[in-house]
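Q: Contents of structure_19.tsv (TSV, C-alpha atoms and all ligand atoms) are given next:
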```tsv
chain	number	residue	atom	x	y	z
A	481	MET	CA	38.46	-24.19	31.83
A	482	THR	CA	36.44	-22.72	34.72
A	483	ALA	CA	35.10	-24.70	37.64
A	484	LEU	CA	31.61	-23.95	36.36
A	485	ALA	CA	32.25	-25.47	32.92
A	486	GLN	CA	33.44	-28.65	34.62
A	487	THR	CA	30.16	-28.96	36.47
A	488	ILE	CA	27.98	-28.83	33.32
A	489	THR	CA	27.95	-32.51	32.41
A	490	PRO	CA	26.68	-33.63	28.98
A	491	GLU	CA	23.61	-35.09	30.72
A	492	LEU	CA	22.81	-31.79	32.43
A	493	ARG	CA	23.33	-29.90	29.18
A	494	ARG	CA	20.97	-32.26	27.34
A	495	TRP	CA	18.40	-31.89	30.12
A	496	ILE	CA	18.51	-28.05	30.06
A	497	VAL	CA	18.22	-27.97	26.25
A	498	ALA	CA	15.34	-30.47	26.31
A	499	GLN	CA	13.46	-28.39	28.89
A	500	ALA	CA	13.94	-25.21	26.83
A	501	GLU	CA	12.94	-26.91	23.58
A	502	ALA	CA	9.85	-28.37	25.27
A	503	GLY	CA	8.77	-24.78	25.98
A	504	CYS	CA	9.63	-24.62	29.71
A	505	ARG	CA	10.27	-21.09	30.94
A	506	PRO	CA	13.86	-20.45	32.13
A	507	GLU	CA	12.58	-19.53	35.62
A	508	ASP	CA	10.89	-22.96	35.90
A	509	VAL	CA	14.06	-24.73	34.79
A	510	LEU	CA	15.95	-22.69	37.38
A	511	GLN	CA	13.47	-23.71	40.11
A	512	ALA	CA	13.88	-27.38	39.16
A	513	MET	CA	17.68	-27.06	39.32
A	514	LYS	CA	17.50	-25.38	42.72
A	515	ALA	CA	15.15	-28.10	43.95
A	516	SER	CA	17.74	-30.71	43.03
A	517	GLY	CA	20.44	-28.96	45.05
A	518	TRP	CA	22.04	-26.36	42.77
A	519	GLY	CA	22.94	-22.99	44.22
A	520	GLU	CA	21.01	-20.19	42.49
A	521	GLU	CA	23.98	-18.28	41.01
A	522	VAL	CA	25.70	-21.36	39.68
A	523	ALA	CA	22.42	-22.62	38.21
A	524	ILE	CA	21.79	-19.31	36.43
A	525	ALA	CA	25.32	-19.30	35.01
A	526	ALA	CA	24.92	-22.92	33.85
A	527	LEU	CA	21.61	-22.09	32.18
A	528	GLU	CA	23.02	-19.05	30.42
A	529	GLN	CA	26.08	-20.86	29.16
A	530	THR	CA	24.17	-23.91	27.96
A	531	LEU	CA	21.43	-21.97	26.20
A	532	SER	CA	23.78	-19.50	24.50
A	533	GLU	CA	25.90	-22.41	23.21
A	534	ARG	CA	22.72	-24.03	21.89
A	535	LEU	CA	21.65	-20.78	20.18
A	536	ALA	CA	25.05	-20.54	18.48
A	537	GLU	CA	24.56	-24.10	17.15
A	538	LEU	CA	21.14	-23.16	15.74
A	539	ARG	CA	22.16	-19.85	14.13
A	540	PRO	CA	20.95	-19.65	10.49
A	541	ALA	CA	23.13	-21.35	7.93
A	542	ALA	CA	23.69	-18.00	6.16
A	543	SER	CA	26.17	-16.94	8.81
A	544	VAL	CA	28.38	-19.95	8.08
A	545	VAL	CA	28.11	-19.97	4.30
A	546	PRO	CA	31.62	-19.23	3.05
A	547	LEU	CA	31.94	-15.86	1.36
A	548	GLY	CA	33.62	-17.38	-1.66
A	549	ALA	CA	36.72	-16.06	-3.32
A	550	ALA	CA	36.71	-12.48	-4.52
A	551	THR	CA	36.19	-12.35	-8.27
A	552	PRO	CA	37.67	-9.97	-10.89
A	553	LEU	CA	35.52	-6.89	-11.38
A	554	PRO	CA	34.54	-4.41	-14.05
A	555	GLU	CA	36.40	-1.15	-13.39
A	556	PRO	CA	37.24	1.94	-15.44
A	557	ALA	CA	40.87	2.95	-16.02
A	558	LEU	CA	41.36	5.50	-13.25
A	559	GLY	CA	45.12	5.09	-12.84
A	560	ASP	CA	46.08	8.70	-13.59
A	561	ALA	CA	43.06	10.14	-11.74
A	562	PRO	CA	41.48	11.45	-14.96
A	563	THR	CA	38.58	13.88	-14.78
A	564	VAL	CA	37.28	12.73	-18.17
A	565	LEU	CA	37.56	9.41	-19.97
A	566	HIS	CA	37.21	9.35	-23.76
A	567	ILE	CA	35.39	6.18	-24.71
A	568	GLU	CA	35.00	5.58	-28.45
A	569	GLY	CA	35.26	9.35	-28.93
A	570	HIS	CA	32.61	10.09	-26.29
A	571	PRO	CA	33.68	12.08	-23.19
A	572	VAL	CA	32.54	10.64	-19.84
A	573	ARG	CA	33.15	12.76	-16.74
A	574	LEU	CA	34.21	11.29	-13.39
A	575	LEU	CA	32.10	13.01	-10.75
A	576	THR	CA	32.43	10.93	-7.57
A	577	THR	CA	34.27	7.76	-6.55
A	578	MET	CA	34.05	5.71	-3.37
A	579	ARG	CA	36.18	2.69	-2.44
A	580	HIS	CA	33.98	0.59	-0.15
A	581	PRO	CA	31.41	0.11	-1.45
A	582	ARG	CA	32.94	0.58	-4.87
A	583	VAL	CA	30.73	3.30	-6.32
A	584	ILE	CA	31.50	5.63	-9.23
A	585	VAL	CA	29.25	8.43	-10.50
A	586	PHE	CA	29.74	9.31	-14.16
A	587	GLY	CA	28.63	12.53	-15.87
A	588	GLY	CA	27.43	12.67	-19.46
A	589	LEU	CA	27.59	8.95	-20.16
A	590	LEU	CA	24.52	9.29	-22.42
A	591	THR	CA	23.57	12.24	-24.61
A	592	ASP	CA	20.14	13.89	-24.33
A	593	THR	CA	19.20	12.41	-27.72
A	594	GLU	CA	20.19	8.90	-26.61
A	595	CYS	CA	18.09	9.30	-23.44
A	596	GLU	CA	15.09	10.50	-25.47
A	597	GLU	CA	15.45	7.64	-27.93
A	598	LEU	CA	15.68	4.99	-25.21
A	599	MET	CA	12.53	6.38	-23.56
A	600	ALA	CA	10.61	6.51	-26.84
A	601	LEU	CA	11.67	3.00	-27.92
A	602	SER	CA	10.81	1.42	-24.57
A	603	ARG	CA	7.61	3.32	-23.70
A	604	PRO	CA	5.19	1.08	-25.65
A	605	ARG	CA	6.77	-2.07	-24.18
A	606	LEU	CA	6.68	-1.12	-20.46
A	607	GLU	CA	5.01	-3.50	-18.02
A	608	ARG	CA	4.85	-3.65	-14.22
A	609	SER	CA	8.36	-4.58	-13.01
A	610	LYS	CA	9.06	-8.00	-11.56
A	611	THR	CA	11.68	-9.25	-9.16
A	612	VAL	CA	13.37	-12.65	-9.01
A	613	ASP	CA	11.30	-15.34	-7.27
A	614	ASN	CA	13.86	-16.75	-4.82
A	615	ALA	CA	12.24	-20.16	-4.65
A	616	THR	CA	12.15	-20.94	-8.35
A	617	GLY	CA	14.52	-18.49	-10.03
A	618	GLY	CA	11.57	-17.15	-12.12
A	619	ASP	CA	10.08	-13.65	-11.72
A	620	GLU	CA	7.17	-12.23	-9.74
A	621	VAL	CA	5.40	-8.89	-9.21
A	622	ASN	CA	6.51	-7.48	-5.86
A	623	ALA	CA	5.34	-4.56	-3.70
A	624	SER	CA	8.96	-3.58	-3.03
A	625	ARG	CA	9.34	-2.56	-6.66
A	626	THR	CA	6.59	-0.32	-7.99
A	627	SER	CA	8.09	0.75	-11.32
A	628	ASP	CA	7.25	-0.30	-14.89
A	629	GLY	CA	9.97	-1.86	-16.98
A	630	MET	CA	11.13	-3.76	-20.03
A	631	PHE	CA	14.30	-5.41	-21.36
A	632	PHE	CA	16.04	-4.83	-24.67
A	633	GLU	CA	17.91	-7.72	-26.25
A	634	ARG	CA	21.66	-7.20	-26.30
A	635	GLY	CA	22.45	-5.47	-29.61
A	636	GLU	CA	18.76	-5.10	-30.44
A	637	THR	CA	19.19	-1.80	-32.34
A	638	ALA	CA	22.13	0.30	-33.55
A	639	LEU	CA	21.54	2.67	-30.60
A	640	ILE	CA	21.66	-0.18	-28.07
A	641	THR	CA	24.78	-1.61	-29.71
A	642	ARG	CA	26.53	1.78	-29.50
A	643	ILE	CA	25.61	2.25	-25.82
A	644	GLU	CA	26.65	-1.29	-24.94
A	645	ALA	CA	30.03	-0.80	-26.66
A	646	ARG	CA	30.53	2.44	-24.70
A	647	ILE	CA	29.71	0.71	-21.40
A	648	ALA	CA	32.08	-2.18	-22.22
A	649	GLY	CA	34.87	0.29	-23.05
A	650	LEU	CA	34.25	2.36	-19.94
A	651	LEU	CA	34.08	-0.53	-17.48
A	652	ARG	CA	36.52	-2.76	-19.37
A	653	TRP	CA	34.10	-5.65	-19.30
A	654	PRO	CA	33.07	-7.64	-22.40
A	655	VAL	CA	29.74	-6.79	-24.05
A	656	ASN	CA	28.70	-10.45	-23.93
A	657	HIS	CA	29.08	-10.54	-20.12
A	658	GLY	CA	26.25	-7.98	-19.88
A	659	GLU	CA	22.55	-8.69	-19.48
A	660	GLY	CA	20.17	-6.96	-21.89
A	661	LEU	CA	19.56	-3.30	-21.05
A	662	GLN	CA	16.63	-2.82	-18.68
A	663	ILE	CA	14.50	0.35	-18.79
A	664	LEU	CA	12.53	1.40	-15.70
A	665	ARG	CA	9.94	4.14	-15.34
A	666	TYR	CA	8.93	5.26	-11.84
A	667	ARG	CA	5.78	7.36	-11.48
A	668	PRO	CA	5.20	9.60	-8.42
A	669	GLY	CA	5.29	7.42	-5.30
A	670	ALA	CA	7.05	4.56	-7.09
A	671	GLU	CA	10.26	3.23	-5.58
A	672	TYR	CA	12.65	0.32	-5.50
A	673	ARG	CA	13.25	-0.65	-1.89
A	674	PRO	CA	16.83	-1.43	-0.81
A	675	HIS	CA	18.19	-4.73	-2.08
A	676	HIS	CA	21.37	-6.33	-3.37
A	677	ASP	CA	21.69	-7.01	-7.09
A	678	TYR	CA	23.73	-10.21	-6.70
A	679	PHE	CA	21.87	-13.49	-6.41
A	680	ASP	CA	21.87	-14.78	-2.85
A	681	PRO	CA	23.47	-18.26	-2.81
A	682	VAL	CA	21.17	-19.39	0.02
A	683	HIS	CA	18.05	-19.18	-2.16
A	684	PRO	CA	16.97	-22.38	-3.89
A	685	GLY	CA	16.36	-20.64	-7.25
A	686	THR	CA	19.88	-19.18	-7.47
A	687	ALA	CA	21.63	-22.19	-9.04
A	688	LYS	CA	19.36	-21.98	-12.09
A	689	ILE	CA	19.95	-18.24	-12.51
A	690	LEU	CA	23.73	-18.70	-12.29
A	691	GLU	CA	23.68	-21.10	-15.27
A	692	ARG	CA	23.32	-18.06	-17.56
A	693	GLY	CA	26.69	-16.38	-16.98
A	694	GLY	CA	27.42	-16.78	-13.27
A	695	GLN	CA	27.00	-14.10	-10.64
A	696	ARG	CA	26.33	-10.44	-11.23
A	697	VAL	CA	29.45	-8.47	-10.35
A	698	GLY	CA	28.44	-4.93	-11.24
A	699	THR	CA	25.49	-2.62	-11.87
A	700	LEU	CA	25.32	0.55	-13.96
A	701	VAL	CA	22.18	2.66	-13.47
A	702	MET	CA	21.90	5.39	-16.14
A	703	TYR	CA	19.47	8.26	-15.63
A	704	LEU	CA	17.39	9.02	-18.72
A	705	ASN	CA	15.68	12.09	-17.27
A	706	THR	CA	15.87	14.37	-14.24
A	707	PRO	CA	12.78	13.89	-12.05
A	708	GLU	CA	11.22	16.98	-10.51
A	709	GLY	CA	11.51	15.48	-7.02
A	710	GLY	CA	12.90	12.38	-5.26
A	711	GLY	CA	14.22	9.27	-6.99
A	712	ALA	CA	17.81	9.25	-5.69
A	713	THR	CA	19.70	5.97	-5.82
A	714	THR	CA	20.51	5.33	-2.16
A	715	PHE	CA	23.21	3.24	-0.45
A	716	PRO	CA	21.86	2.92	3.10
A	717	ASP	CA	24.93	1.12	4.51
A	718	VAL	CA	27.05	4.22	3.90
A	719	GLY	CA	24.45	7.01	3.81
A	720	LEU	CA	25.15	7.84	0.15
A	721	GLU	CA	22.47	9.27	-2.15
A	722	VAL	CA	23.08	9.79	-5.86
A	723	GLY	CA	20.73	12.33	-7.39
A	724	PRO	CA	19.23	11.34	-10.74
A	725	VAL	CA	20.42	13.69	-13.48
A	726	ARG	CA	19.78	13.04	-17.17
A	727	GLY	CA	22.76	11.41	-18.91
A	728	ASN	CA	24.62	10.66	-15.66
A	729	ALA	CA	25.07	7.17	-14.24
A	730	VAL	CA	25.99	5.42	-11.01
A	731	PHE	CA	28.13	2.30	-11.17
A	732	PHE	CA	28.83	-0.09	-8.31
A	733	SER	CA	30.56	-3.47	-8.17
A	734	TYR	CA	30.59	-6.37	-5.74
A	735	ASP	CA	33.34	-8.99	-5.58
A	736	ARG	CA	31.21	-11.53	-3.73
A	737	ALA	CA	27.55	-12.24	-3.12
A	738	HIS	CA	27.61	-10.87	0.41
A	739	PRO	CA	26.36	-7.80	2.31
A	740	SER	CA	29.98	-7.10	3.37
A	741	THR	CA	30.29	-5.48	-0.08
A	742	ARG	CA	28.05	-2.70	1.35
A	743	THR	CA	26.19	-2.56	-1.96
A	744	LEU	CA	22.72	-2.52	-0.45
A	745	HIS	CA	20.97	0.10	-2.60
A	746	GLY	CA	17.51	1.32	-3.49
A	747	GLY	CA	15.59	3.79	-5.60
A	748	ALA	CA	14.01	6.38	-3.26
A	749	PRO	CA	10.36	7.22	-3.92
A	750	VAL	CA	9.76	9.72	-6.71
A	751	THR	CA	7.95	12.68	-5.17
A	752	ALA	CA	7.16	14.69	-8.32
A	753	GLY	CA	7.31	13.90	-12.03
A	754	GLU	CA	8.64	10.64	-13.42
A	755	LYS	CA	12.04	8.96	-13.16
A	756	TRP	CA	13.43	6.90	-16.04
A	757	VAL	CA	16.58	4.77	-15.82
A	758	ALA	CA	18.40	2.21	-17.92
A	759	THR	CA	20.18	-0.52	-15.92
A	760	LYS	CA	23.02	-2.69	-17.22
A	761	TRP	CA	23.92	-5.66	-15.02
A	762	LEU	CA	27.30	-7.28	-15.58
A	763	ARG	CA	27.95	-10.99	-15.06
A	764	GLN	CA	31.13	-12.92	-14.28
A	765	GLY	CA	30.87	-14.89	-17.50
A	766	VAL	CA	29.10	-14.85	-20.86
A	767	PHE	CA	25.40	-14.09	-20.37
A	768	VAL	CA	23.34	-16.26	-22.69
B	801	LIG	O1	16.41	3.30	-10.22
B	801	LIG	C1	17.22	3.18	-9.32
B	801	LIG	O2	17.73	4.15	-8.74
B	801	LIG	C2	17.59	1.81	-8.92
B	801	LIG	C3	17.80	1.55	-7.58
B	801	LIG	C4	18.14	0.27	-7.21
B	801	LIG	C5	17.74	0.80	-9.83
B	801	LIG	C6	18.12	-0.45	-9.37
B	801	LIG	N1	18.32	-0.71	-8.08
B	801	LIG	C7	18.33	-1.59	-10.28
B	801	LIG	O3	17.94	-1.47	-11.46
B	801	LIG	O4	18.87	-2.62	-9.83
B	802	ZN	ZN	19.32	-2.73	-7.86
```
Let me see the structure of the file written as structure tokens.
A:
Amino acid sequence: MTALAQTITPELRRWIVAQAEAGCRPEDVLQAMKASGWGEEVAIAALEQTLSERLAELRPAASVVPLGAATPLPEPALGDAPTVLHIEGHPVRLLTTMRHPRVIVFGGLLTDTECEELMALSRPRLERSKTVDNATGGDEVNASRTSDGMFFERGETALITRIEARIAGLLRWPVNHGEGLQILRYRPGAEYRPHHDYFDPVHPGTAKILERGGQRVGTLVMYLNTPEGGGATTFPDVGLEVGPVRGNAVFFSYDRAHPSTRTLHGGAPVTAGEKWVATKWLRQGVFV
């Protein structure tokens, strides 16, 4: 312990904190300390130490929320470094993989016909996209997400059932742990600003959302068309941009609801044409 620390009595500490919290400027507190006999340098050091300790006490709760244990994750079978995986007779190419964040880009996950059919089936049901309302766990229209969207029920049609079985086989994650397929259409200028797909435990609405299958642990964004310009899926923490190409998909997983997963991601603005995607979110447990 330094000589200085010994001189900061609990009473003095309380007095400095009270002055600061009452809105007194540090220079006025310093003047008052000097007037009561403190040397200037020692008084400044005492002020700095006391106020930085107080700031550490007040730091937002988020920084002390435990990360939680890492959870098992969806993951394709990449043991022998395959270039193609055959899932239910359908070839899926492995284009790019990254470890941290865990990101995998697949080629040819959907056929052109499947993409066309998903667009045609969803088009009449599109509405302005919503995001989760953090306070209640419900949804709300939000300027950070300017696409139109809709959800299919799990297994709603034979096409959806086939695609969901392919995804489950590819990522080795049960069909019933998946949310219903979401379709998004971005028009020129539309974007999805960077966000995490997991539900932040600090928000009051999260507990309700987690009742339906626990946390999200993975996201698969499938590109249904190739926009004329823009629309990459971006990972700003690592400077990665995945270009949208019809039939391809980007998958990423997160073993905890925390930015340390580096899974911050967004949909860059579409600059020309439209961008259509289908998103499958995967939960820890059975999504009901
Ligand atoms: O459309 C995208 O690229 C995109 C970007 C970020 C989709 C999502 N998030 C999503 O559906 O969660
Ligand atoms: Zn997202």
Q: Which residues, written as a ChimeraX atom specification, have at least one atom at most 8 Å from segment 666-679 of chain A, with only C-alpha atoms counted and residues fewer than 5 positions away on the same chain left out?
A: /A:624-628,686,689,695-697,699,711,714-716,734,737,739,743-756
Q: Listed atoms of segment 591-609 of chain A, axis-aligned box, 8 Å per side: centre and edge lengths to one decimal in Å, as JSON?
A:
```
{"center_x": 14.2, "center_y": 4.7, "center_z": -20.5, "size_x": 34.7, "size_y": 34.5, "size_z": 30.9}
```
Q: What is the distance between atom CA of Leu639 of chain A and atom CA of Glu594 of chain A, in Å to one decimal?
A: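 If I compute the distance from atom CA of Leu639 of chain A to atom CA of Glu594 of chain A, I get 7.5 Å.
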Q: If I take atom CA of Pro562 of chain A and atom CA of Leu590 of chain A, how far is one from the other in Å, to one decimal?
A: 18.7 Å
Q: One decimal, in Å: what's the spacing between atom CA of Leu558 of chain A and atom CA of Gly723 of chain A?
A: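 Straight-line distance from atom CA of Leu558 of chain A to atom CA of Gly723 of chain A works out to 22.5 Å.
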Q: Pick from A:Thr713, A:Gln764, A:Thr591, A:Thr741: nearest to ligand LIG 801 (chain B), with only C-alpha atoms and all ligand atoms counted?
A: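 Ranking A:Thr713, A:Gln764, A:Thr591, A:Thr741 by distance to ligand LIG 801 (chain B), first place goes to A:Thr713.
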Q: Using all atoms listed in the file, which residues sit within 12 Å of Glu491 of chain A once same-chain residues fewer than 6 positions away are excluded, as a short mmCIF file (atom, residue, chain, number, x, y, z; two decimals) with C-alpha atoms, in the frame of the given file?
A:
```cif
data_model
loop_
_atom_site.label_atom_id
_atom_site.label_comp_id
_atom_site.auth_asym_id
_atom_site.auth_seq_id
_atom_site.Cartn_x
_atom_site.Cartn_y
_atom_site.Cartn_z
CA VAL A 497 18.22 -27.97 26.25
CA ALA A 498 15.34 -30.47 26.31
CA THR A 530 24.17 -23.91 27.96
#
```
Q: Which residues come within 12 Å of segment 598-601 of chain A, counting only C-alpha atoms, excluding same-chain residues fewer than 4 positions away, as an MDAnalysis selection string?
A: chainID A and resid 590:594 605:606 629:632 636:640 643 661:665 702:705 726:727 754:759
Q: Tell me which protein, DNA and RNA residues are within 10 Å of segment 564-577 of chain A, counting all atoms listed in the file, leaving out same-chain ones fewer than 4 positions away, and put them as number ranges by chain.
A: A: 556-558, 581-591, 642, 645-651, 722, 727-732
Q: Determine the nearest neighbour of ligand ZN 802 (chain B) from the options A:Val522, A:Leu720, A:Leu510, A:Leu700, counting only C-alpha atoms and all ligand atoms.
A: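 Checking each of A:Val522, A:Leu720, A:Leu510, A:Leu700 against ligand ZN 802 (chain B), counting only C-alpha atoms and all ligand atoms, the winner is A:Leu700.
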Q: Looking at all atoms listed in the file, which of A:Gly698, A:Arg652, A:Val718, A:Lys514 is the one that sits closest to ligand ZN 802 (chain B)?
A: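 Among A:Gly698, A:Arg652, A:Val718, A:Lys514, it is A:Gly698 that comes nearest to ligand ZN 802 (chain B).
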Q: Name the closest residue to ligand LIG 801 (chain B) among the candidates A:His657, A:Arg494, A:Lys760, A:Arg736; distances are taken between atoms, counting all atoms listed in the file.
A: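 Smallest distance to ligand LIG 801 (chain B) is found for A:Lys760.
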Q: Taking into account only C-alpha atoms and all ligand atoms, which residue in the set A:Asn622, A:Glu596, A:Pro654, A:Ser609 is nearest to ligand LIG 801 (chain B)?
A: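 Looking only at the distances to ligand LIG 801 (chain B), the closest residue turns out to be A:Ser609.
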Q: With all atoms listed in the file as the basis for distance, which of A:Leu762, A:Ala712, A:Val655, A:Leu690 is at the shortest distance from ligand LIG 801 (chain B)?
A: A:Ala712
